[in-house]
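Peer 1: What follows is protein-v5.tsv; its format and atoms are TSV, C-alpha atoms.
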chain	number	residue	atom	x	y	z
A	1	MET	CA	101.52	82.75	111.26
A	2	ILE	CA	101.78	80.31	108.38
A	3	CYS	CA	104.85	79.78	106.23
A	4	GLY	CA	104.14	78.59	102.71
A	5	SER	CA	107.53	76.91	102.37
A	6	LEU	CA	108.66	73.60	103.84
A	7	ARG	CA	112.33	74.28	102.98
A	8	ALA	CA	114.62	74.36	106.03
A	9	GLY	CA	116.51	77.47	104.90
A	10	SER	CA	113.44	79.36	103.73
A	11	THR	CA	113.58	83.15	103.81
A	12	ASN	CA	109.82	83.03	104.43
A	13	ALA	CA	110.37	81.02	107.62
A	14	ALA	CA	113.17	83.41	108.65
A	15	LEU	CA	110.78	86.33	108.24
A	16	LEU	CA	108.17	84.70	110.48
A	17	ARG	CA	110.76	83.80	113.15
A	18	THR	CA	111.85	87.43	113.05
A	19	ALA	CA	108.23	88.56	113.33
A	20	GLN	CA	107.92	86.47	116.50
A	21	ALA	CA	110.98	88.22	117.92
A	22	VAL	CA	109.90	91.80	117.11
A	23	ALA	CA	106.15	91.43	117.74
A	24	PRO	CA	104.64	94.11	119.99
A	25	ASP	CA	103.56	92.98	123.44
A	26	SER	CA	99.93	93.18	122.38
A	27	LEU	CA	100.41	90.29	119.91
A	28	VAL	CA	101.22	86.64	120.50
A	29	ALA	CA	103.00	85.57	117.32
A	30	ASP	CA	102.83	81.81	116.91
A	31	VAL	CA	104.24	80.06	113.84
A	32	TYR	CA	102.31	77.00	112.68
A	33	GLY	CA	104.73	74.16	111.95
A	34	GLY	CA	102.43	71.32	110.94
A	35	MET	CA	101.93	71.98	107.23
A	36	GLY	CA	104.21	69.12	106.14
A	37	GLY	CA	102.19	66.65	108.22
A	38	LEU	CA	98.80	67.46	106.72
A	39	PRO	CA	97.27	64.72	104.58
A	40	GLN	CA	96.34	65.57	101.00
A	41	PHE	CA	92.94	67.20	100.97
A	42	ASN	CA	90.13	64.90	99.93
A	43	PRO	CA	86.53	66.03	100.37
A	44	ASP	CA	85.60	62.47	101.32
A	45	ASP	CA	87.84	62.82	104.39
A	46	ASP	CA	86.48	66.24	105.37
A	47	ARG	CA	84.02	64.95	107.97
A	48	GLU	CA	84.27	64.15	111.66
A	49	PRO	CA	86.49	62.84	112.88
A	50	VAL	CA	89.00	64.62	110.66
A	51	PRO	CA	92.65	63.49	110.74
A	52	PRO	CA	94.44	64.74	113.90
A	53	ALA	CA	96.76	67.07	111.95
A	54	VAL	CA	93.72	68.72	110.35
A	55	ALA	CA	91.95	69.04	113.70
A	56	ASP	CA	95.07	70.74	115.12
A	57	LEU	CA	95.28	73.16	112.16
A	58	ARG	CA	91.62	74.09	112.45
A	59	ALA	CA	91.81	74.55	116.23
A	60	ARG	CA	94.87	76.80	115.93
A	61	ILE	CA	93.30	78.99	113.25
A	62	SER	CA	90.04	79.18	115.20
A	63	ALA	CA	91.90	80.27	118.34
A	64	ALA	CA	93.88	82.97	116.51
A	65	ASP	CA	92.65	86.55	116.18
A	66	ALA	CA	94.48	86.83	112.86
A	67	VAL	CA	96.59	84.82	110.45
A	68	VAL	CA	99.70	86.15	108.71
A	69	PHE	CA	100.99	84.28	105.66
A	70	CYS	CA	104.49	84.38	104.21
A	71	THR	CA	104.86	82.27	101.10
A	72	PRO	CA	107.09	81.83	98.09
A	73	GLU	CA	105.84	81.26	94.58
A	74	TYR	CA	106.33	77.88	92.92
A	75	ALA	CA	105.62	77.33	89.21
A	76	GLY	CA	103.66	80.58	88.98
A	77	GLY	CA	101.34	80.01	91.93
A	78	LEU	CA	100.96	78.97	95.54
A	79	PRO	CA	103.11	76.07	96.71
A	80	GLY	CA	101.03	72.88	96.70
A	81	SER	CA	101.54	72.34	100.42
A	82	LEU	CA	100.06	75.76	101.27
A	83	LYS	CA	97.15	75.28	98.86
A	84	ASN	CA	96.52	71.92	100.54
A	85	LEU	CA	96.45	73.64	103.96
A	86	LEU	CA	94.02	76.25	102.67
A	87	ASP	CA	91.80	73.57	101.11
A	88	TRP	CA	91.39	71.99	104.55
A	89	THR	CA	89.85	75.28	105.79
A	90	VAL	CA	87.36	75.92	102.99
A	91	GLY	CA	84.42	73.79	104.11
A	92	SER	CA	84.94	74.19	107.85
A	93	GLY	CA	85.09	78.01	107.84
A	94	GLU	CA	87.96	78.80	110.23
A	95	LEU	CA	89.12	81.67	108.02
A	96	TYR	CA	85.65	83.21	107.60
A	97	ARG	CA	85.87	86.82	108.88
A	98	LYS	CA	89.32	86.03	110.27
A	99	HIS	CA	91.74	88.94	109.98
A	100	ALA	CA	94.47	87.98	107.52
A	101	ALA	CA	97.59	89.52	106.03
A	102	TRP	CA	100.64	88.49	104.06
A	103	ILE	CA	104.27	89.48	103.78
A	104	ASN	CA	106.00	88.79	100.46
A	105	VAL	CA	109.80	88.35	100.77
A	106	SER	CA	110.59	87.49	97.14
A	107	THR	CA	113.70	89.16	95.74
A	108	THR	CA	113.21	88.01	92.15
A	109	THR	CA	109.72	87.68	90.66
A	110	GLY	CA	107.88	89.42	93.46
A	111	ALA	CA	105.77	86.26	93.82
A	112	VAL	CA	102.88	88.22	92.33
A	113	HIS	CA	101.04	85.14	91.08
A	114	ALA	CA	101.26	83.36	94.43
A	115	HIS	CA	99.96	86.38	96.29
A	116	ALA	CA	97.21	86.98	93.73
A	117	SER	CA	96.15	83.36	94.22
A	118	LEU	CA	96.35	83.73	98.02
A	119	ARG	CA	94.18	86.85	97.78
A	120	THR	CA	91.65	84.89	95.69
A	121	VAL	CA	91.48	81.99	98.15
A	122	LEU	CA	91.23	84.29	101.18
A	123	GLY	CA	88.44	86.20	99.46
A	124	TYR	CA	86.64	82.97	98.61
A	125	VAL	CA	86.69	81.79	102.23
A	126	GLY	CA	85.56	85.23	103.47
A	127	ALA	CA	88.71	86.25	105.33
A	128	ASP	CA	89.13	89.92	106.27
A	129	LEU	CA	92.31	90.83	104.38
A	130	ILE	CA	93.99	93.75	106.14
A	131	GLU	CA	95.54	95.67	103.26
A	132	GLN	CA	97.67	97.86	105.55
A	133	ALA	CA	99.37	94.70	106.83
A	134	CYS	CA	100.03	93.19	103.38
A	135	THR	CA	103.39	94.11	101.95
A	136	HIS	CA	106.21	93.14	99.62
A	137	ARG	CA	109.49	93.38	101.52
A	138	PRO	CA	112.31	91.58	99.69
A	139	VAL	CA	114.62	89.62	102.00
A	140	PRO	CA	117.97	88.67	100.47
A	141	ARG	CA	119.56	85.48	101.81
A	142	HIS	CA	122.54	87.41	103.16
A	143	ALA	CA	120.19	89.29	105.52
A	144	ILE	CA	119.59	86.08	107.48
A	145	GLY	CA	122.01	85.35	110.31
A	146	PRO	CA	123.32	81.94	111.38
A	147	ASP	CA	120.49	81.72	113.92
A	148	GLY	CA	117.91	81.85	111.12
A	149	MET	CA	116.75	85.37	112.05
A	150	ILE	CA	116.83	88.50	109.92
A	151	ARG	CA	119.39	90.93	111.32
A	152	ASP	CA	118.89	93.85	108.92
A	153	PRO	CA	117.39	96.67	111.05
A	154	GLU	CA	115.39	98.14	108.14
A	155	ILE	CA	113.72	94.82	107.36
A	156	ARG	CA	113.02	94.23	111.05
A	157	ALA	CA	111.44	97.71	111.27
A	158	ASP	CA	109.27	96.95	108.22
A	159	VAL	CA	108.11	93.69	109.83
A	160	LEU	CA	107.25	95.58	113.01
A	161	ASP	CA	105.26	98.11	110.92
A	162	VAL	CA	103.19	95.26	109.47
A	163	LEU	CA	102.57	93.78	112.92
A	164	ASN	CA	101.62	97.19	114.31
A	165	ALA	CA	99.09	97.64	111.46
A	166	LEU	CA	97.67	94.25	112.37
A	167	ALA	CA	97.57	95.15	116.08
A	168	ARG	CA	95.74	98.42	115.31
A	169	ARG	CA	93.06	96.51	113.40
A	170	LEU	CA	92.72	93.95	116.16
A	171	ASP	CA	92.34	96.54	118.91
A	172	GLY	CA	89.84	98.53	116.85
A	173	THR	CA	91.86	101.69	116.39
A	174	ASP	CA	92.11	101.15	112.64
A	175	LYS	CA	88.75	100.35	111.09
A	176	PRO	CA	88.69	99.45	107.39
A	177	THR	CA	87.71	102.36	105.14
A	178	GLY	CA	84.01	102.51	104.45
A	179	VAL	CA	83.06	100.02	107.16
A	180	ARG	CA	80.78	101.31	109.90
A	181	ASP	CA	80.93	99.77	113.34
A	182	PRO	CA	77.45	98.35	113.99
A	183	LEU	CA	77.60	99.83	117.49
A	184	ASP	CA	78.09	103.36	116.14
A	185	PRO	CA	74.87	105.40	115.86
A	186	PRO	CA	73.49	105.54	112.31
A	187	ASP	CA	74.55	108.50	110.20
A	188	SER	CA	71.36	110.43	109.58
A	189	GLY	CA	73.02	113.12	107.52
A	190	PRO	CA	73.41	116.78	108.39
A	191	SER	CA	71.39	118.04	111.30
A	192	PRO	CA	68.56	120.40	110.30
A	193	ASN	CA	69.76	122.64	113.14
A	194	GLY	CA	73.28	123.03	111.69
A	195	PRO	CA	76.52	121.36	112.65
What would the structure in this file look like if it were written as structure tokens?
Peer 2:
Amino acid sequence: MICGSLRAGSTNAALLRTAQAVAPDSLVADVYGGMGGLPQFNPDDDREPVPPAVADLRARISAADAVVFCTPEYAGGLPGSLKNLLDWTVGSGELYRKHAAWINVSTTTGAVHAHASLRTVLGYVGADLIEQACTHRPVPRHAIGPDGMIRDPEIRADVLDVLNALARRLDGTDKPTGVRDPLDPPDSGPSPNGP
């Protein structure tokens, strides 16, 4: 899971910590904490050996079955630090066909521009955006306890719903609409001998 905010008291970070706590047993929910240590993306530096922080990011995304983003909106778009992280994955392909989702916690603007931009970038890199696991669930600051976790049972239940949708996609019980499993026999239409 990747938080798009570097702020210590971020509601986005609180949501991801809560997701770790409520995740079903079938998911290992790991929050990436290295975004602030990534160097600024420069295509000239995007060759082996890449900086260690970039190598770590790429290895962690590659090892994950899915990536969940939770990001605020800054100045009408993605925070620069998150865009920088995403830029480090464009040429190397870690997000290609990687299951991805986002949870929007904004209580004011809805962060619609940030999430539209995130959708664009994820589409560009070929990520498999799981629509059933993408949601806007406002999290007011007062819902966060002193331990940095969300205590509101309704919000926690909504987070669990998102993670369960993700788990269903990962275990194959929820195929995307209109996508045929290549292992399924081809649909040859109605049988000439009836149903």
Peer 1: I'd like the contact shell of Leu15 (chain A) - 10 Å cut-off, only C-alpha atoms, skipping same-chain residues fewer than 3 positions apart - returned as a ChimeraX atom specification.
Peer 2: /A:3,10-12,18-21,70,103-105,137,139,144,148-150,155-156,159
Peer 1: Using Å and a single decimal, report how far CA of Leu16 (chain A) sits from CA of Ser92 (chain A).
Peer 2: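 That distance, rounded to one decimal, is 25.6 Å.
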Peer 1: Using all atoms listed in the file, pick whichever of A:Leu27, A:Leu82, A:Ala13, A:Ala111 has the shortest atom-to-atom distance to Gln40 (chain A).
Peer 2: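 Distance minimum relative to Gln40 (chain A) lands on A:Leu82.
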Peer 1: What is the distance between CA of Glu131 (chain A) and CA of Arg7 (chain A), in Å to one decimal?
Peer 2: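 One can read the CA of Glu131 (chain A) to CA of Arg7 (chain A) distance as 27.2 Å.
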Peer 1: Which polymer residues have any atom within 9 Å of an atom of region 51-60 of chain A, counting all atoms listed in the file, with same-chain residues fewer than 4 positions away left out, as a list in words?
Peer 2: Tyr32, Gly34, Met35, Gly37, Leu38, Pro39, Asp45, Asp46, Ala64, Leu85, Trp88, Thr89, Ser92, Gly93 and Glu94 of chain A
Peer 1: Dump as CSV the rows for residues of region 74-129 of chain A within 12 Å of region 161-165 of chain A: closest atom pair and distance in Å with one decimal, all atoms listed in the file counted, ordered by chain and rising residue number.
Peer 2:
residue,atom,partner,partner_atom,distance
A:His99,CA,A:Ala165,CA,11.5
A:Ala100,CA,A:Leu163,CA,11.3
A:Ala101,CA,A:Val162,CA,8.7
A:Trp102,CA,A:Val162,CA,9.0
A:Ile103,CA,A:Val162,CA,8.2
A:Asn104,CA,A:Val162,CA,11.4
A:Leu129,CA,A:Ala165,CA,11.9
Peer 1: List every protein, DNA or RNA residue that has an atom no more than 9 Å from (101.8, 79.8, 116.2) in the file's coordinate frame, counting all atoms listed in the file, and report them as a ChimeraX atom specification.
Peer 2: /A:1-2,28-33,60,64
Peer 1: Considering all atoms listed in the file, state which residue in the set A:Asp171, A:Leu118, A:Pro72, A:Thr107 is at the smallest distance from Leu6 (chain A).
Peer 2: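 Under the stated criterion, the closest residue is A:Pro72.
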Peer 1: To one decimal place, how far is CA of His136 (chain A) from CA of Asp65 (chain A) in Å?
Peer 2: 22.4 Å
Peer 1: Ranking A:Pro24, A:Gly110, A:Pro140, A:Gly4 by minimum distance to Leu86 (chain A) and counting only C-alpha atoms, which one comes first?
Peer 2: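 Between A:Pro24, A:Gly110, A:Pro140, A:Gly4, the residue approaching Leu86 (chain A) most closely is A:Gly4.
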Peer 1: Have a look at A:Asp158, A:Asp87, A:Val50, A:Ala14 and name the one nearest to Thr71 (chain A); count only C-alpha atoms.
Peer 2: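 Closest to Thr71 (chain A), using only C-alpha atoms: A:Ala14.
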Peer 1: With distances taken over only C-alpha atoms, which of A:Gly36, A:Pro146, A:Gly76, A:Pro49 is nearest to His113 (chain A)?
Peer 2: A:Gly76
Peer 1: So which residues are close to (92.1, 84.8, 108.1), meaning at most 6 Å away in the file's coordinates with only C-alpha atoms counted, and can you show them as a list in words?
Peer 2: Ala66, Val67, Leu95, Lys98, His99, Ala100 and Ala127 of chain A
Peer 1: Can you list, as an MDAnalysis selection string, every protein, DNA or RNA residue that comes within 6 Å of region 121-126 of chain A when you count only C-alpha atoms, leaving out same-chain residues fewer than 2 positions away?
Peer 2: chainID A and resid 90 96:97 118:119
Peer 1: Store the residues picked out above, limited to C-alpha atoms, as a tab-separated table (two decimals), in the frame of the given file.
Peer 2:
chain	number	residue	atom	x	y	z
A	90	VAL	CA	87.36	75.92	102.99
A	96	TYR	CA	85.65	83.21	107.60
A	97	ARG	CA	85.87	86.82	108.88
A	118	LEU	CA	96.35	83.73	98.02
A	119	ARG	CA	94.18	86.85	97.78
